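Peer 1: Handing you this structure, nothing more for now.
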Amino acid sequence: MNKRFLLPAVAVVVVVLVVAVWLGLRQSPVVPEAGPVPENVAGQVPPPQRQIQQVVPSASPLQSYNFGTPSTEDSRAQLGKMLAAVDSGKEMQLVEAINDAPTLETDELLEFAAKAYAVTDDPGYRRDIVMSLQGQHTRRMLPLLGQAARDADPEVRAAALLTMGGAFEAGRSAAIEQDADAFEVEDAEGMTEEERLAAEAAERQALLAEALTEEDAQLIVDILVLALADEAPEVRQAALEAIHMLDGDIQAATLQNALGSGYPDVQMGAVGLLVEANTKSALELLIVAMDSENEEVAEEAAMFVNHALSQDFSSSSEAASWWRENASNYNDDLEEVQMEPLDISKE
């Protein structure tokens, strides 16, 4: 081929190749090298469609416990619209109101939940209404939760039990008393000493008013004992989960009843919770359970008792007799107390 024609042809091919590469780079985005995943993204699980409102703790312990977020004009106005939606009888309006319930302040939320629960025939909506209270911790929830724990629908009963367990979790009362005792007004600028002391006293009084009373605790025990005898297994399971979350005194009162249940799942669940508790009171209940007619319960109880005390008891009566003589050698966590030797040199 003539060199005069070869050079232009080569030039054309080169230009075409350059243009093709340039177009490819424009169309293919540059993928950056993988770097470390930010902490706020790593392992992040997509949130559920409905999220319970989380109240941001303030300087007030009362608000940080979600005992009583202060009522506002906006919340009252929103409550009025939501109650009108409940009264309208229109399902879509009711659904929207239930979905918006967690955005209300505490007083309005409780008022809405009581009204909506009372007029709603659909058990699914009643369950959602009860669940809208999750994240709150005020003892003013107890009347509605007690009512819902006796609902005709087992899913509603289970939701009420789990909500109750989360609301009155272990250590709650002790924390209330500690915070009430330690509370001080942090921003006292512009307040007289008398005003500051009055504000602190009011906050402490409001905090202590949320501590469970003996009547409250007995009501919770009664609700749980009833649920442990429920014919629906999901309700019995919810009761055990709620007991697991609650204070030791309530646990002891309900688990003693659970060990004598006619349902094997309740008996075994009670043994499991007592073993996990690993306390003196739990051990004493498990010593009694060594005589259970349920062989599995008796075996599990004996295994724990013998292991905890490094013994090999053949019967419940033998274990009980040994424990009466040696209980003082153990602390509440079943750790053996080292007795200090007597110093006879001083005698």
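By order in the structure tokens, chains are A, B, ...; within a chain, residues start at 1; ligands start at 1, following the order shown.
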Would you kindly return, as a PyMOL selection string, each protein, DNA or RNA residue with an atom no farther than 12 Å from any atom of A:Glu96, considering only C-alpha atoms and excluding same-chain residues fewer than 5 positions away?

Peer 2: chain A and resi 50+81-86+90-91+101-103+125+128-129

Peer 1: With N, CA and C atoms retained, write the just-selected residues as a tab-separated table (two decimals), in the first residue's frame.

Peer 2:
chain	number	residue	atom	x	y	z
A	50	ARG	N	-43.08	1.22	62.16
A	50	ARG	CA	-43.62	1.99	63.27
A	50	ARG	C	-42.58	2.03	64.37
A	81	LYS	N	-57.82	15.95	67.78
A	81	LYS	CA	-58.01	15.42	66.42
A	81	LYS	C	-58.05	13.89	66.42
A	82	MET	N	-57.19	13.30	67.24
A	82	MET	CA	-57.12	11.84	67.25
A	82	MET	C	-58.35	11.22	67.92
A	83	LEU	N	-58.88	11.86	68.94
A	83	LEU	CA	-60.10	11.37	69.56
A	83	LEU	C	-61.29	11.51	68.62
A	84	ALA	N	-61.27	12.59	67.82
A	84	ALA	CA	-62.32	12.76	66.81
A	84	ALA	C	-62.23	11.65	65.77
A	85	ALA	N	-61.00	11.24	65.44
A	85	ALA	CA	-60.81	10.15	64.49
A	85	ALA	C	-61.36	8.84	65.05
A	86	VAL	N	-61.15	8.63	66.35
A	86	VAL	CA	-61.67	7.42	66.98
A	86	VAL	C	-63.20	7.42	66.95
A	90	LYS	N	-64.43	5.69	61.22
A	90	LYS	CA	-63.76	5.40	59.94
A	90	LYS	C	-62.44	4.70	60.23
A	91	GLU	N	-62.27	3.54	59.62
A	91	GLU	CA	-61.12	2.70	59.94
A	91	GLU	C	-59.79	3.36	59.61
A	101	ALA	N	-50.04	7.77	67.81
A	101	ALA	CA	-50.17	7.83	69.28
A	101	ALA	C	-48.84	8.03	70.00
A	102	PRO	N	-47.75	7.33	69.63
A	102	PRO	CA	-46.50	7.51	70.39
A	102	PRO	C	-45.91	8.90	70.32
A	103	THR	N	-46.41	9.76	69.41
A	103	THR	CA	-45.87	11.12	69.33
A	103	THR	C	-46.52	12.04	70.35
A	125	TYR	N	-56.14	-3.94	66.41
A	125	TYR	CA	-55.99	-2.53	66.77
A	125	TYR	C	-55.80	-2.38	68.27
A	128	ASP	N	-52.25	-3.03	69.00
A	128	ASP	CA	-51.39	-1.91	68.60
A	128	ASP	C	-51.51	-0.75	69.59
A	129	ILE	N	-52.69	-0.55	70.11
A	129	ILE	CA	-52.90	0.52	71.10
A	129	ILE	C	-52.08	0.24	72.35

Peer 1: Tell me, in Å to one decimal, how far atom CA of A:Ile287 is from atom CA of A:Glu241.

Peer 2: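 For atom CA of A:Ile287 relative to atom CA of A:Glu241, the distance reads 22.9 Å.
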
Peer 1: Could you give me, as number ranges by chain, each residue of stretch 142-216 of chain A that DSSP assigns to alpha helix (DSSP H) when run on this structure's backbone?

Peer 2: A: 142-148, 154-167, 172-182, 193-208, 214-216

Peer 1: Identify which of the residues A:His307, A:Val271, A:Arg127, A:Ala242 lies closest to A:Leu161, counting only C-alpha atoms when measuring atom-to-atom distances.

Peer 2: A:Ala242

Peer 1: Calculate how many Å separate atom CA of A:Asp265 from atom CA of A:Ala170, rounding to one decimal.

Peer 2: 23.3 Å

Peer 1: Report, in Å to a single decimal, how far apart atom CA of A:Glu296 and atom CA of A:Gly269 are.

Peer 2: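 Those two atoms sit 11.6 Å apart.
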
Peer 1: Give me the residues within 9 Å of A:Glu184 as a compact mmCIF listing (two decimals) with C-alpha atoms, in the first residue's frame, counting only C-alpha atoms and dropping any in the same chain fewer than 2 places off.

Peer 2:
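Final output, saved to selection19.txt:
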# COMPACT_ATOMS: atom_id res chain seq x y z
CA ALA A 180 -34.86 11.53 94.02
CA ASP A 181 -32.37 11.70 96.88
CA ALA A 182 -29.59 13.07 94.67
CA GLU A 186 -28.60 22.45 87.81
CA ARG A 196 -34.50 26.39 94.22
CA LEU A 197 -35.26 24.26 97.27
CA ALA A 199 -38.24 23.18 92.83
CA GLU A 200 -36.03 20.35 94.05
CA GLU A 203 -39.18 17.12 91.56

Peer 1: Enumerate, in order of chain and increasing residue number, the residues of stretch 250-296 of chain A with an atom no farther than 8 Å from stretch 216-236 of chain A, each with its shortest atom pair and distance in Å to one decimal, counting only C-alpha atoms, as CSV.

Peer 2:
residue,atom,partner,partner_atom,distance
A:Ile250,CA,A:Val221,CA,6.3
A:Ala253,CA,A:Val221,CA,6.9
A:Thr254,CA,A:Val225,CA,6.1
A:Asn257,CA,A:Val225,CA,7.0
A:Ala258,CA,A:Leu228,CA,6.8
A:Ser261,CA,A:Ala229,CA,7.1
A:Gly262,CA,A:Ala229,CA,7.9
A:Tyr263,CA,A:Ala229,CA,7.7
A:Val266,CA,A:Leu228,CA,6.8

Peer 1: Tell me, as a ChimeraX atom specification, which residues lie within 12 Å of A:Asp122, counting only C-alpha atoms; anything in the same chain fewer than 3 positions away does not count.

Peer 2: /A:91,94-95,116-119,125-129,151-153,155-156

Peer 1: For the residues in that selection, give me N, CA and C atoms as a PDB file, in the first residue's frame.

Peer 2:
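This is the output file again22.pdb:
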ATOM      1  N   GLU A  91     -62.269   3.538  59.618  1.00  0.00           N
ATOM      2  CA  GLU A  91     -61.120   2.695  59.939  1.00  0.00           C
ATOM      3  C   GLU A  91     -59.791   3.364  59.613  1.00  0.00           C
ATOM      4  N   LEU A  94     -58.825   5.839  62.170  1.00  0.00           N
ATOM      5  CA  LEU A  94     -58.431   5.169  63.400  1.00  0.00           C
ATOM      6  C   LEU A  94     -56.999   4.645  63.287  1.00  0.00           C
ATOM      7  N   VAL A  95     -56.672   4.032  62.159  1.00  0.00           N
ATOM      8  CA  VAL A  95     -55.327   3.492  61.950  1.00  0.00           C
ATOM      9  C   VAL A  95     -54.287   4.602  62.020  1.00  0.00           C
ATOM     10  N   ALA A 116     -59.388   4.821  72.964  1.00  0.00           N
ATOM     11  CA  ALA A 116     -59.348   4.006  71.744  1.00  0.00           C
ATOM     12  C   ALA A 116     -59.512   2.525  72.070  1.00  0.00           C
ATOM     13  N   TYR A 117     -58.884   2.077  73.158  1.00  0.00           N
ATOM     14  CA  TYR A 117     -58.995   0.670  73.534  1.00  0.00           C
ATOM     15  C   TYR A 117     -60.450   0.319  73.857  1.00  0.00           C
ATOM     16  N   ALA A 118     -61.122   1.225  74.542  1.00  0.00           N
ATOM     17  CA  ALA A 118     -62.484   0.950  74.996  1.00  0.00           C
ATOM     18  C   ALA A 118     -63.483   0.844  73.849  1.00  0.00           C
ATOM     19  N   VAL A 119     -63.249   1.545  72.752  1.00  0.00           N
ATOM     20  CA  VAL A 119     -64.250   1.584  71.676  1.00  0.00           C
ATOM     21  C   VAL A 119     -63.873   0.739  70.462  1.00  0.00           C
ATOM     22  N   TYR A 125     -56.141  -3.941  66.411  1.00  0.00           N
ATOM     23  CA  TYR A 125     -55.988  -2.534  66.769  1.00  0.00           C
ATOM     24  C   TYR A 125     -55.801  -2.379  68.270  1.00  0.00           C
ATOM     25  N   ARG A 126     -56.501  -3.193  69.064  1.00  0.00           N
ATOM     26  CA  ARG A 126     -56.322  -3.116  70.518  1.00  0.00           C
ATOM     27  C   ARG A 126     -54.884  -3.488  70.890  1.00  0.00           C
ATOM     28  N   ARG A 127     -54.335  -4.488  70.216  1.00  0.00           N
ATOM     29  CA  ARG A 127     -52.936  -4.856  70.469  1.00  0.00           C
ATOM     30  C   ARG A 127     -52.003  -3.700  70.134  1.00  0.00           C
ATOM     31  N   ASP A 128     -52.246  -3.034  68.996  1.00  0.00           N
ATOM     32  CA  ASP A 128     -51.393  -1.910  68.604  1.00  0.00           C
ATOM     33  C   ASP A 128     -51.510  -0.754  69.586  1.00  0.00           C
ATOM     34  N   ILE A 129     -52.694  -0.546  70.113  1.00  0.00           N
ATOM     35  CA  ILE A 129     -52.895   0.520  71.097  1.00  0.00           C
ATOM     36  C   ILE A 129     -52.078   0.243  72.354  1.00  0.00           C
ATOM     37  N   ASP A 151     -57.891  -9.250  78.250  1.00  0.00           N
ATOM     38  CA  ASP A 151     -58.594  -9.120  76.965  1.00  0.00           C
ATOM     39  C   ASP A 151     -59.008 -10.501  76.446  1.00  0.00           C
ATOM     40  N   ALA A 152     -60.052 -10.516  75.622  1.00  0.00           N
ATOM     41  CA  ALA A 152     -60.519 -11.785  75.055  1.00  0.00           C
ATOM     42  C   ALA A 152     -59.537 -12.366  74.051  1.00  0.00           C
ATOM     43  N   ASP A 153     -58.666 -11.534  73.490  1.00  0.00           N
ATOM     44  CA  ASP A 153     -57.733 -11.995  72.466  1.00  0.00           C
ATOM     45  C   ASP A 153     -56.360 -12.288  73.085  1.00  0.00           C
ATOM     46  N   GLU A 155     -53.371 -12.398  71.770  1.00  0.00           N
ATOM     47  CA  GLU A 155     -52.283 -11.517  71.330  1.00  0.00           C
ATOM     48  C   GLU A 155     -52.306 -10.197  72.094  1.00  0.00           C
ATOM     49  N   VAL A 156     -53.487  -9.717  72.406  1.00  0.00           N
ATOM     50  CA  VAL A 156     -53.602  -8.486  73.197  1.00  0.00           C
ATOM     51  C   VAL A 156     -53.101  -8.743  74.614  1.00  0.00           C
TER      52      VAL A 156
END

Peer 1: When distances are computed from only C-alpha atoms, which of A:Phe313, A:Leu334, A:Lys115, A:Leu255 shows the smallest separation from A:Leu283?

Peer 2: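 The shortest atom-to-atom distance to A:Leu283 comes from A:Leu334.
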